[in-house]
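Chemist: Sharing query.csv here; it has CSV, C-alpha atoms.
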chain,number,residue,atom,x,y,z
N,1,MET,CA,13.7,-31.2,-25.3
N,2,GLY,CA,10.0,-30.6,-25.0
N,3,HIS,CA,7.3,-33.1,-25.5
N,4,GLY,CA,8.1,-34.8,-28.8
N,5,GLY,CA,10.8,-32.2,-29.6
N,6,ARG,CA,8.4,-29.3,-29.8
N,7,TYR,CA,8.5,-26.0,-28.0
N,8,ILE,CA,5.8,-23.4,-27.4
N,9,LEU,CA,6.8,-19.9,-28.4
N,10,ASP,CA,5.9,-17.4,-25.7
N,11,SER,CA,6.1,-14.2,-27.8
N,12,LEU,CA,4.0,-12.2,-25.3
N,13,LYS,CA,6.4,-13.1,-22.5
N,14,THR,CA,3.5,-14.3,-20.3
N,15,GLY,CA,5.8,-16.7,-18.5
N,16,ALA,CA,8.5,-14.1,-17.8
N,17,VAL,CA,9.3,-13.5,-14.2
N,18,ASP,CA,9.7,-9.9,-13.1
N,19,LYS,CA,12.8,-10.0,-10.8
N,20,SER,CA,12.8,-6.3,-10.1
N,21,CYS,CA,12.4,-6.0,-6.3
N,22,TYR,CA,13.3,-3.3,-3.9
N,23,THR,CA,16.6,-3.7,-2.0
N,24,ASP,CA,17.7,-2.1,1.2
N,25,ALA,CA,19.5,0.5,-0.9
N,26,ASP,CA,16.2,1.7,-2.4
N,27,LEU,CA,14.5,2.2,1.0
N,28,THR,CA,15.9,5.6,2.1
N,29,ILE,CA,14.1,8.6,3.7
N,30,GLY,CA,12.3,10.5,0.9
N,31,ALA,CA,12.3,7.5,-1.5
N,32,LYS,CA,9.0,6.7,-3.2
N,33,VAL,CA,8.1,3.1,-3.5
N,34,ASN,CA,5.1,1.3,-5.0
N,35,VAL,CA,3.1,-0.7,-2.4
N,36,TRP,CA,0.3,-2.6,-4.0
N,37,GLY,CA,-0.2,0.0,-6.7
N,38,ARG,CA,0.0,3.0,-4.4
N,39,GLU,CA,3.0,5.4,-4.2
N,40,VAL,CA,4.3,5.6,-0.7
N,41,THR,CA,7.0,8.0,0.5
N,42,ILE,CA,9.3,6.8,3.3
N,43,CYS,CA,9.3,9.4,6.0
N,44,ASP,CA,11.5,8.1,8.8
N,45,MET,CA,13.4,5.1,10.1
N,46,ASP,CA,13.9,3.4,13.4
N,47,GLU,CA,17.2,3.1,15.3
N,48,PHE,CA,17.9,-0.4,14.1
N,49,THR,CA,17.5,0.6,10.5
N,50,ALA,CA,19.6,3.7,11.0
N,51,HIS,CA,22.4,1.5,12.5
N,52,HIS,CA,22.1,-0.9,9.5
N,53,TYR,CA,22.5,1.9,7.0
N,54,GLN,CA,25.4,3.4,9.0
N,55,SER,CA,27.3,0.1,9.1
N,56,LYS,CA,26.5,-1.1,5.5
N,57,TYR,CA,26.5,2.1,3.5
N,58,SER,CA,28.2,4.6,5.9
N,59,VAL,CA,25.1,6.8,5.6
N,60,ALA,CA,24.1,8.9,8.6
N,61,LYS,CA,20.5,9.0,9.6
N,62,SER,CA,18.6,11.6,7.5
N,63,THR,CA,16.2,14.1,8.9
N,64,PRO,CA,12.7,12.7,9.0
N,65,ILE,CA,10.1,14.2,6.7
N,66,HIS,CA,7.0,15.6,8.4
N,67,TYR,CA,3.7,16.0,6.6
N,68,LYS,CA,0.9,18.1,7.8
N,69,GLN,CA,-2.2,16.0,8.3
N,70,THR,CA,-5.2,17.7,6.8
N,71,GLU,CA,-8.8,17.0,7.5
N,72,ALA,CA,-10.0,14.7,4.8
N,73,ALA,CA,-12.8,16.1,2.7
N,74,LYS,CA,-16.0,14.5,3.6
N,75,LEU,CA,-17.5,12.8,0.6
N,76,ASP,CA,-21.2,12.4,0.1
N,77,ARG,CA,-21.8,8.7,-0.3
N,78,GLU,CA,-24.2,7.7,-3.0
N,79,ILE,CA,-26.6,5.0,-1.8
N,80,PRO,CA,-26.5,2.1,-4.3
N,81,PRO,CA,-29.8,0.9,-5.7
N,82,TYR,CA,-31.7,-1.8,-3.8
N,83,ASN,CA,-30.6,-5.2,-5.1
N,84,GLY,CA,-33.4,-7.3,-3.7
N,85,TRP,CA,-31.5,-8.9,-0.8
N,86,GLY,CA,-33.0,-8.2,2.7
N,87,SER,CA,-35.1,-5.1,3.2
N,88,GLU,CA,-34.3,-1.8,1.5
N,89,GLU,CA,-34.1,-0.1,4.9
N,90,ASP,CA,-31.4,-2.6,6.1
N,91,SER,CA,-29.4,-2.0,2.9
N,92,ARG,CA,-29.5,1.8,3.5
N,93,LEU,CA,-28.4,1.4,7.1
N,94,THR,CA,-25.6,-0.9,6.2
N,95,VAL,CA,-24.2,1.6,3.7
N,96,SER,CA,-24.6,4.6,6.0
N,97,ASN,CA,-23.0,2.9,9.0
N,98,SER,CA,-20.0,1.4,7.1
N,99,SER,CA,-17.1,3.6,7.7
N,100,LEU,CA,-13.4,3.1,8.6
N,101,LYS,CA,-12.8,3.3,12.3
N,102,LEU,CA,-9.6,3.0,14.3
N,103,PRO,CA,-9.2,-0.1,16.5
N,104,ASN,CA,-9.8,0.4,20.2
N,105,GLY,CA,-6.8,1.8,22.1
N,106,THR,CA,-5.3,3.7,19.1
N,107,SER,CA,-5.4,7.4,18.6
N,108,SER,CA,-5.5,9.3,15.3
N,109,SER,CA,-2.8,11.8,16.3
N,110,SER,CA,0.6,10.3,15.9
Could I get this file's structure written as structure tokens?

Modeler:
Amino acid sequence: MGHGGRYILDSLKTGAVDKSCYTDADLTIGAKVNVWGREVTICDMDEFTAHHYQSKYSVAKSTPIHYKQTEAAKLDREIPPYNGWGSEEDSRLTVSNSSLKLPNGTSSSS
């Protein structure tokens, strides 16, 4: 029993544990999975994974899905208002120079 024979009612189910997880059966080519709030489509599998699916589920390796990569539309960045830290020029340069870059040694065409 609880402390002094009393229980706390959890009517909103705030302590409920969500046990819905992906299993290997869910991860097939063409399946859509939620990764940190984003929908991701599985496009291909390596040879080890293909062998696992063949031995466990008797499923032959599917044809990979190929997506055409399009040039991302260049978005005009809005410079945020100056907040008082450092100089205004430094803040503008930081915003204009902050962009995603590939690590050295990797190419964008894969």

Chemist: Do you have the CA of Thr49 in chain N-CA of Ser20 in chain N distance handy?

Modeler: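 Interatomic distance, CA of Thr49 in chain N to CA of Ser20 in chain N: 22.2 Å.
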
Chemist: Quote the spacing between CA of Thr63 in chain N and CA of Arg38 in chain N in Å to one decimal place.

Modeler: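 Calculated distance between CA of Thr63 in chain N and CA of Arg38 in chain N is 23.7 Å.
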
Chemist: Contacts between range 55-59 of chain N and range 9-33 of chain N, please, where a residue of range 9-33 of chain N counts if it comes within 10 Å (with only C-alpha atoms); show its shortest atom pair and distance in Å to one decimal, rows by chain and ascending number, as JSON lines.

Modeler:
{"residue": "N:Asp24", "atom": "CA", "partner": "N:Lys56", "partner_atom": "CA", "distance": 9.8}
{"residue": "N:Ala25", "atom": "CA", "partner": "N:Tyr57", "partner_atom": "CA", "distance": 8.4}
{"residue": "N:Thr28", "atom": "CA", "partner": "N:Val59", "partner_atom": "CA", "distance": 9.9}

Chemist: Could those selected residues go to a file with C-alpha atoms, as an mmCIF file, keeping the file's coordinate frame?

Modeler:
data_model
loop_
_atom_site.group_PDB
_atom_site.id
_atom_site.type_symbol
_atom_site.label_atom_id
_atom_site.label_comp_id
_atom_site.auth_asym_id
_atom_site.auth_seq_id
_atom_site.Cartn_x
_atom_site.Cartn_y
_atom_site.Cartn_z
ATOM 1 C CA ASP N 24 17.700 -2.100 1.200
ATOM 2 C CA ALA N 25 19.500 0.500 -0.900
ATOM 3 C CA THR N 28 15.900 5.600 2.100
#

Chemist: To one decimal place, how far is CA of Met45 in chain N from CA of Cys21 in chain N in Å?

Modeler: 19.8 Å

Chemist: Kindly indicate which residue among N:Glu39, N:His51, N:Ile79, N:Asn104 lies nearest to Ser91 in chain N, using all atoms listed in the file for the distances.

Modeler: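 Looking only at the distances to Ser91 in chain N, the closest residue turns out to be N:Ile79.
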
Chemist: From the set N:Ser62, N:Ser87, N:Thr14, N:Thr23, which residue has the shortest atom-to-atom contact distance to Asp44 in chain N, counting only C-alpha atoms?

Modeler: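 Checking each candidate against Asp44 in chain N, we get N:Ser62 as the closest.
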
Chemist: For Gly30 in chain N, list every protein, DNA or RNA residue within 7 Å, evaluated using all atoms listed in the file, and leave out those in the same chain fewer than 5 positions away; present the list as a ChimeraX atom specification.

Modeler: /N:41-43

Chemist: Taking into account only C-alpha atoms, which residue in the set N:Glu78, N:Ile65, N:Ala16, N:Leu93 is nearest to Ala31 in chain N?

Modeler: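 Nearest to Ala31 in chain N: N:Ile65.
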